[in-house]
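Colleague: Below are the structure tokens for one structure; questions will follow.
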Amino acid sequence: MAVSLREYRARIKSTESMKKITRAMELIAASRIIKAQQRAAAAAPYARELTRAVSAVATFSNVNHPLTKEEEDPKRAAVLIVTSDRGLAGAYSSSVLKEAERLSERLRAEGKEIDYYITGRKGEAYFKFRQRPVVQTWTGFSDQPSYDAAAEIGRTLIDSFVKDPGEPGDVDEVHVVYTRFRSMLTQEPTAIRLLPLEVVEGEEKPEASEVLPLYEFEPSAEAVLDALLPQYVQSRIFYALLQAAASELAARQKAMKSATDNADELIKKYTRVANQARQAGITQEISEIVGGVNALADAQADAQ
């Protein structure tokens, strides 16, 4: 009894220690989510207006810019996968990796080869374990991304996209797979095509009277695209990183809350079993004492 009870008490103690850790991580994630949501919300208007402006220049002018050029027979695509640097976030990284695998299957079915670019140590470990080649990785900022990191990623992808056909590292398309933050309970793995530029504001061309008052291309449409397109790519990558950061923190809070609740249930279970073992031990000791007393009384009676 003593050994069994001691084991249960040790399990209760270790579970309580684990509960303190998961509870602390839950509170830390909860405190960071608000800031992550605010950063994503603050970046959305700029990204939206920049996308609208770039789409207008690319659609309603006769400019043939390298970043808007559609290859007739694309052979290679770059896929940027946004994962987390740390675990304990439930199925966050595995969900976005599954979405990336679905995108990869679709691209291969179209006859395209794939160059992978990874952010986050989880994605890096996933590809390393499977011995699959990765062109470049970035780590250390998954829950607090900076614009500098997004700009570096954007420059790398643009350099690959504008290389001459047949040159090492040349790609014809650029895709991004990240987790879109819908709510505290819902985070949606999403795949988008970043390059060549697609019109995302609508399919119908507005009347000239609707376009001209909004956009005047000075000094020229070419110069506007040269200035805006790199910023467009970087801003969309930054917005994807911010969405992914908010999703990661929400997933981690949810996972840690579930772990804390499970620890509570486990503590209750171990406490109940320990009490039962203690009561069984006490009952057994009382039975042994009573049995001993009766045996002693019987022995004394026989002696008389």
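Residue names in the structure tokens use chain letters A, B, ... in the order shown, residue numbers from 1 in each chain, and ligand numbers from 1 in the order shown.
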Each residue of segment 7-86 of chain A lying at most 8 Å from segment 183-199 of chain A should get a row with its shortest atom-to-atom pair and the distance in Å to one decimal, counting only C-alpha atoms; could you produce that, ordered by chain and increasing number, as CSV?
Modeller:
```
residue,atom,partner,partner_atom,distance
A:Ser55,CA,A:Val199,CA,5.3
A:Thr59,CA,A:Val199,CA,7.4
A:Leu67,CA,A:Pro196,CA,5.4
A:Thr68,CA,A:Pro196,CA,4.7
A:Lys69,CA,A:Pro196,CA,6.1
A:Glu70,CA,A:Pro196,CA,6.2
```
Colleague: Would you mind writing down, as a ChimeraX atom specification, each residue of segment 36-277 of chain A that DSSP on the backbone assigns to strand (DSSP E)?
Modeller: /A:76-82,113-119,136-138,173-181,187-195
Colleague: Would you pick out the contacts of Leu225 of chain A at 8 Å or less, using only C-alpha atoms, so that residues sharing its chain but fewer than 2 positions from it are not included, and give the list as a list in words?
Modeller: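 Residues near the query, excluding close chain neighbours: Val54, Val57, Ala58, His65, Ala221, Glu222, Ala223, Ala227, Leu228 and Leu229 of chain A.
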Colleague: Kindly save the residues from that selection, with all heavy atoms included, as a short mmCIF file (atom, residue, chain, number, x, y, z; two decimals), in the first residue's frame.
Modeller:
```cif
data_model
loop_
_atom_site.label_atom_id
_atom_site.label_comp_id
_atom_site.auth_asym_id
_atom_site.auth_seq_id
_atom_site.Cartn_x
_atom_site.Cartn_y
_atom_site.Cartn_z
N VAL A 54 -1.76 48.29 -57.44
CA VAL A 54 -0.92 47.50 -58.34
C VAL A 54 -1.78 46.77 -59.36
O VAL A 54 -1.43 46.68 -60.54
CB VAL A 54 -0.05 46.52 -57.53
CG1 VAL A 54 0.66 45.55 -58.46
CG2 VAL A 54 0.97 47.29 -56.71
N VAL A 57 -2.82 49.20 -62.09
CA VAL A 57 -1.76 49.53 -63.04
C VAL A 57 -1.50 48.35 -63.98
O VAL A 57 -1.35 48.51 -65.18
CB VAL A 57 -0.46 49.90 -62.29
CG1 VAL A 57 0.64 50.23 -63.28
CG2 VAL A 57 -0.71 51.10 -61.37
N ALA A 58 -1.45 47.14 -63.39
CA ALA A 58 -1.14 45.97 -64.20
C ALA A 58 -2.26 45.62 -65.17
O ALA A 58 -2.01 45.12 -66.26
CB ALA A 58 -0.86 44.77 -63.29
N HIS A 65 5.43 43.92 -67.49
CA HIS A 65 6.44 43.92 -66.42
C HIS A 65 6.86 42.49 -66.12
O HIS A 65 6.03 41.56 -66.18
CB HIS A 65 5.87 44.58 -65.17
CG HIS A 65 6.91 44.93 -64.15
ND1 HIS A 65 7.38 44.02 -63.22
CD2 HIS A 65 7.60 46.09 -63.93
CE1 HIS A 65 8.29 44.61 -62.46
NE2 HIS A 65 8.44 45.86 -62.86
N ALA A 221 3.46 54.22 -66.19
CA ALA A 221 3.00 52.97 -65.59
C ALA A 221 4.18 52.04 -65.29
O ALA A 221 4.19 51.34 -64.28
CB ALA A 221 2.00 52.28 -66.51
N GLU A 222 5.21 52.06 -66.17
CA GLU A 222 6.38 51.22 -65.93
C GLU A 222 7.08 51.60 -64.64
O GLU A 222 7.46 50.75 -63.83
CB GLU A 222 7.36 51.32 -67.11
CG GLU A 222 6.85 50.73 -68.39
CD GLU A 222 6.06 51.73 -69.22
OE1 GLU A 222 5.63 52.76 -68.65
OE2 GLU A 222 5.84 51.46 -70.41
N ALA A 223 7.26 52.91 -64.42
CA ALA A 223 7.94 53.36 -63.21
C ALA A 223 7.12 53.06 -61.96
O ALA A 223 7.67 52.70 -60.91
CB ALA A 223 8.21 54.87 -63.30
N ALA A 227 8.30 50.54 -58.88
CA ALA A 227 8.37 50.99 -57.48
C ALA A 227 7.43 50.20 -56.58
O ALA A 227 7.78 49.90 -55.43
CB ALA A 227 8.02 52.48 -57.41
N LEU A 228 6.24 49.85 -57.10
CA LEU A 228 5.22 49.26 -56.24
C LEU A 228 5.28 47.75 -56.13
O LEU A 228 4.97 47.19 -55.08
CB LEU A 228 3.82 49.67 -56.74
CG LEU A 228 3.39 51.11 -56.53
CD1 LEU A 228 1.94 51.28 -56.97
CD2 LEU A 228 3.54 51.54 -55.09
N LEU A 229 5.66 47.06 -57.22
CA LEU A 229 5.57 45.60 -57.20
C LEU A 229 6.44 44.95 -56.13
O LEU A 229 5.98 44.04 -55.44
CB LEU A 229 5.89 45.03 -58.59
CG LEU A 229 4.72 45.06 -59.57
CD1 LEU A 229 5.14 44.56 -60.93
CD2 LEU A 229 3.55 44.23 -59.04
#
```
